[in-house]
Amino acid sequence: MKFSIQSLYTWYGNLLRNPKYRWWVVLGTLVYLVSPFDFLPDVFPIIGQVDDVFLLTLLVSEVSGLVIEGWKARKGDVGTETEAANTTETSTTTASTIDVDAVSVK
């Protein structure tokens, strides 16, 4: 089995996108960040913070992506409702205009 940063990123992102595990992943990540036990202990300067910075960056990027997607989806739903209302108004107005024209022609 080959390990790569991209596969870790993909796995973490997919796990975070699953609503069943999302809050557990966020909570676990935050606990890991404040925990004294790390893959690379914080005792070593710079190297000790690499795993924390990587995990924090991953968490922030994925959560912000989820928030943006949710915001766009919500904005899209509101836009769809507005379009439906506008279409109904246009249809009613057009029908009225046709009736008026038909009456004036007779």
# chains A, B, ... in the order shown; residues from 1 in each chain; ligands from 1

$ residues_around --residues "Tyr32 of chain A" --least-positions-apart "6" --cutoff "10 Å" --atoms "only C-alpha atoms" --output "number ranges by chain"
A: 26, 38-39, 52, 55-56

$ residues_around --residues "Asp42 of chain A" --least-positions-apart "6" --cutoff "12 Å" --atoms "only C-alpha atoms" --output "VMD selection string"
chain A and resid 33 to 36 48 to 53

$ residues_around --residues "Val25 of chain A" --least-positions-apart "5" --cutoff "9 Å" --atoms "only C-alpha atoms" --output "mmCIF file with N, CA, C and O atoms, in the first residue's frame"
data_model
loop_
_atom_site.group_PDB
_atom_site.id
_atom_site.type_symbol
_atom_site.label_atom_id
_atom_site.label_comp_id
_atom_site.auth_asym_id
_atom_site.auth_seq_id
_atom_site.Cartn_x
_atom_site.Cartn_y
_atom_site.Cartn_z
ATOM 1 N N TYR A 12 -9.678 12.281 4.075
ATOM 2 C CA TYR A 12 -10.154 13.204 5.097
ATOM 3 C C TYR A 12 -11.326 14.036 4.558
ATOM 4 O O TYR A 12 -12.333 14.213 5.251
ATOM 5 N N LEU A 15 -14.453 11.866 4.298
ATOM 6 C CA LEU A 15 -14.970 11.576 5.629
ATOM 7 C C LEU A 15 -15.685 12.794 6.198
ATOM 8 O O LEU A 15 -16.751 12.677 6.806
ATOM 9 N N LEU A 16 -15.147 13.964 5.979
ATOM 10 C CA LEU A 16 -15.741 15.199 6.484
ATOM 11 C C LEU A 16 -17.026 15.554 5.742
ATOM 12 O O LEU A 16 -17.931 16.142 6.307
ATOM 13 N N LEU A 30 -9.849 18.690 16.376
ATOM 14 C CA LEU A 30 -9.569 19.705 17.396
ATOM 15 C C LEU A 30 -8.927 19.092 18.641
ATOM 16 O O LEU A 30 -8.006 19.677 19.218
#

$ atom_distance --atom1 "atom CA of Asn18 of chain A" --atom2 "atom CA of Phe37 of chain A"
26.5 Å

$ decode --residues "segment 51-64 of chain A" --atoms "all heavy atoms" --output "PDB file, in the first residue's frame"
ATOM      1  N   ASP A  51       2.751  18.535  11.537  1.00  0.00           N
ATOM      2  CA  ASP A  51       1.511  17.766  11.483  1.00  0.00           C
ATOM      3  C   ASP A  51       0.324  18.586  11.974  1.00  0.00           C
ATOM      4  O   ASP A  51      -0.770  18.493  11.429  1.00  0.00           O
ATOM      5  CB  ASP A  51       1.629  16.452  12.250  1.00  0.00           C
ATOM      6  CG  ASP A  51       1.875  16.651  13.737  1.00  0.00           C
ATOM      7  OD1 ASP A  51       2.415  17.704  14.117  1.00  0.00           O
ATOM      8  OD2 ASP A  51       1.517  15.751  14.528  1.00  0.00           O
ATOM      9  N   ASP A  52       0.542  19.432  12.981  1.00  0.00           N
ATOM     10  CA  ASP A  52      -0.548  20.274  13.473  1.00  0.00           C
ATOM     11  C   ASP A  52      -0.976  21.296  12.424  1.00  0.00           C
ATOM     12  O   ASP A  52      -2.168  21.497  12.194  1.00  0.00           O
ATOM     13  CB  ASP A  52      -0.126  21.011  14.751  1.00  0.00           C
ATOM     14  CG  ASP A  52       0.090  20.055  15.924  1.00  0.00           C
ATOM     15  OD1 ASP A  52      -0.478  18.946  15.894  1.00  0.00           O
ATOM     16  OD2 ASP A  52       0.816  20.434  16.858  1.00  0.00           O
ATOM     17  N   VAL A  53      -0.018  21.934  11.787  1.00  0.00           N
ATOM     18  CA  VAL A  53      -0.332  22.933  10.762  1.00  0.00           C
ATOM     19  C   VAL A  53      -1.021  22.266   9.572  1.00  0.00           C
ATOM     20  O   VAL A  53      -1.997  22.796   9.032  1.00  0.00           O
ATOM     21  CB  VAL A  53       0.948  23.683  10.321  1.00  0.00           C
ATOM     22  CG1 VAL A  53       0.693  24.532   9.089  1.00  0.00           C
ATOM     23  CG2 VAL A  53       1.472  24.528  11.459  1.00  0.00           C
ATOM     24  N   PHE A  54      -0.532  21.103   9.168  1.00  0.00           N
ATOM     25  CA  PHE A  54      -1.137  20.382   8.052  1.00  0.00           C
ATOM     26  C   PHE A  54      -2.588  20.035   8.364  1.00  0.00           C
ATOM     27  O   PHE A  54      -3.487  20.269   7.556  1.00  0.00           O
ATOM     28  CB  PHE A  54      -0.339  19.106   7.746  1.00  0.00           C
ATOM     29  CG  PHE A  54      -0.996  18.228   6.724  1.00  0.00           C
ATOM     30  CD1 PHE A  54      -0.999  18.591   5.383  1.00  0.00           C
ATOM     31  CD2 PHE A  54      -1.619  17.058   7.098  1.00  0.00           C
ATOM     32  CE1 PHE A  54      -1.618  17.790   4.433  1.00  0.00           C
ATOM     33  CE2 PHE A  54      -2.242  16.256   6.156  1.00  0.00           C
ATOM     34  CZ  PHE A  54      -2.237  16.618   4.824  1.00  0.00           C
ATOM     35  N   LEU A  55      -2.824  19.490   9.551  1.00  0.00           N
ATOM     36  CA  LEU A  55      -4.174  19.079   9.924  1.00  0.00           C
ATOM     37  C   LEU A  55      -5.105  20.283  10.079  1.00  0.00           C
ATOM     38  O   LEU A  55      -6.259  20.241   9.649  1.00  0.00           O
ATOM     39  CB  LEU A  55      -4.130  18.268  11.220  1.00  0.00           C
ATOM     40  CG  LEU A  55      -5.302  17.358  11.492  1.00  0.00           C
ATOM     41  CD1 LEU A  55      -5.526  16.404  10.324  1.00  0.00           C
ATOM     42  CD2 LEU A  55      -5.072  16.570  12.752  1.00  0.00           C
ATOM     43  N   LEU A  56      -4.606  21.359  10.657  1.00  0.00           N
ATOM     44  CA  LEU A  56      -5.415  22.570  10.810  1.00  0.00           C
ATOM     45  C   LEU A  56      -5.756  23.165   9.446  1.00  0.00           C
ATOM     46  O   LEU A  56      -6.899  23.575   9.205  1.00  0.00           O
ATOM     47  CB  LEU A  56      -4.681  23.600  11.671  1.00  0.00           C
ATOM     48  CG  LEU A  56      -5.449  24.867  11.990  1.00  0.00           C
ATOM     49  CD1 LEU A  56      -6.692  24.540  12.810  1.00  0.00           C
ATOM     50  CD2 LEU A  56      -4.567  25.827  12.758  1.00  0.00           C
ATOM     51  N   THR A  57      -4.792  23.196   8.546  1.00  0.00           N
ATOM     52  CA  THR A  57      -5.029  23.700   7.192  1.00  0.00           C
ATOM     53  C   THR A  57      -6.067  22.846   6.474  1.00  0.00           C
ATOM     54  O   THR A  57      -6.968  23.366   5.818  1.00  0.00           O
ATOM     55  CB  THR A  57      -3.720  23.714   6.385  1.00  0.00           C
ATOM     56  OG1 THR A  57      -2.761  24.496   7.080  1.00  0.00           O
ATOM     57  CG2 THR A  57      -3.928  24.258   4.993  1.00  0.00           C
ATOM     58  N   LEU A  58      -5.947  21.558   6.611  1.00  0.00           N
ATOM     59  CA  LEU A  58      -6.894  20.633   5.996  1.00  0.00           C
ATOM     60  C   LEU A  58      -8.299  20.842   6.554  1.00  0.00           C
ATOM     61  O   LEU A  58      -9.269  20.911   5.795  1.00  0.00           O
ATOM     62  CB  LEU A  58      -6.423  19.194   6.246  1.00  0.00           C
ATOM     63  CG  LEU A  58      -7.027  18.082   5.446  1.00  0.00           C
ATOM     64  CD1 LEU A  58      -6.841  18.326   3.962  1.00  0.00           C
ATOM     65  CD2 LEU A  58      -6.372  16.772   5.833  1.00  0.00           C
ATOM     66  N   LEU A  59      -8.412  20.968   7.862  1.00  0.00           N
ATOM     67  CA  LEU A  59      -9.714  21.172   8.494  1.00  0.00           C
ATOM     68  C   LEU A  59     -10.350  22.483   8.032  1.00  0.00           C
ATOM     69  O   LEU A  59     -11.511  22.516   7.634  1.00  0.00           O
ATOM     70  CB  LEU A  59      -9.574  21.172  10.019  1.00  0.00           C
ATOM     71  CG  LEU A  59     -10.857  21.454  10.802  1.00  0.00           C
ATOM     72  CD1 LEU A  59     -11.844  20.315  10.618  1.00  0.00           C
ATOM     73  CD2 LEU A  59     -10.552  21.662  12.272  1.00  0.00           C
ATOM     74  N   VAL A  60      -9.594  23.558   8.059  1.00  0.00           N
ATOM     75  CA  VAL A  60     -10.133  24.864   7.672  1.00  0.00           C
ATOM     76  C   VAL A  60     -10.544  24.871   6.206  1.00  0.00           C
ATOM     77  O   VAL A  60     -11.617  25.375   5.855  1.00  0.00           O
ATOM     78  CB  VAL A  60      -9.109  25.988   7.969  1.00  0.00           C
ATOM     79  CG1 VAL A  60      -9.516  27.289   7.334  1.00  0.00           C
ATOM     80  CG2 VAL A  60      -8.943  26.158   9.466  1.00  0.00           C
ATOM     81  N   SER A  61      -9.731  24.307   5.332  1.00  0.00           N
ATOM     82  CA  SER A  61     -10.069  24.316   3.904  1.00  0.00           C
ATOM     83  C   SER A  61     -11.317  23.485   3.619  1.00  0.00           C
ATOM     84  O   SER A  61     -12.180  23.899   2.843  1.00  0.00           O
ATOM     85  CB  SER A  61      -8.898  23.840   3.060  1.00  0.00           C
ATOM     86  OG  SER A  61      -8.641  22.483   3.286  1.00  0.00           O
ATOM     87  N   GLU A  62     -11.444  22.331   4.236  1.00  0.00           N
ATOM     88  CA  GLU A  62     -12.599  21.477   3.992  1.00  0.00           C
ATOM     89  C   GLU A  62     -13.877  22.060   4.588  1.00  0.00           C
ATOM     90  O   GLU A  62     -14.923  22.043   3.951  1.00  0.00           O
ATOM     91  CB  GLU A  62     -12.359  20.070   4.547  1.00  0.00           C
ATOM     92  CG  GLU A  62     -11.367  19.273   3.738  1.00  0.00           C
ATOM     93  CD  GLU A  62     -11.842  19.025   2.321  1.00  0.00           C
ATOM     94  OE1 GLU A  62     -13.029  18.701   2.104  1.00  0.00           O
ATOM     95  OE2 GLU A  62     -11.020  19.159   1.404  1.00  0.00           O
ATOM     96  N   VAL A  63     -13.794  22.580   5.811  1.00  0.00           N
ATOM     97  CA  VAL A  63     -14.986  23.161   6.435  1.00  0.00           C
ATOM     98  C   VAL A  63     -15.422  24.414   5.675  1.00  0.00           C
ATOM     99  O   VAL A  63     -16.610  24.625   5.451  1.00  0.00           O
ATOM    100  CB  VAL A  63     -14.743  23.456   7.935  1.00  0.00           C
ATOM    101  CG1 VAL A  63     -15.856  24.296   8.520  1.00  0.00           C
ATOM    102  CG2 VAL A  63     -14.611  22.151   8.705  1.00  0.00           C
ATOM    103  N   SER A  64     -14.476  25.237   5.262  1.00  0.00           N
ATOM    104  CA  SER A  64     -14.848  26.428   4.495  1.00  0.00           C
ATOM    105  C   SER A  64     -15.469  26.034   3.158  1.00  0.00           C
ATOM    106  O   SER A  64     -16.407  26.671   2.691  1.00  0.00           O
ATOM    107  CB  SER A  64     -13.657  27.360   4.291  1.00  0.00           C
ATOM    108  OG  SER A  64     -12.666  26.740   3.504  1.00  0.00           O
TER     109      SER A  64
END
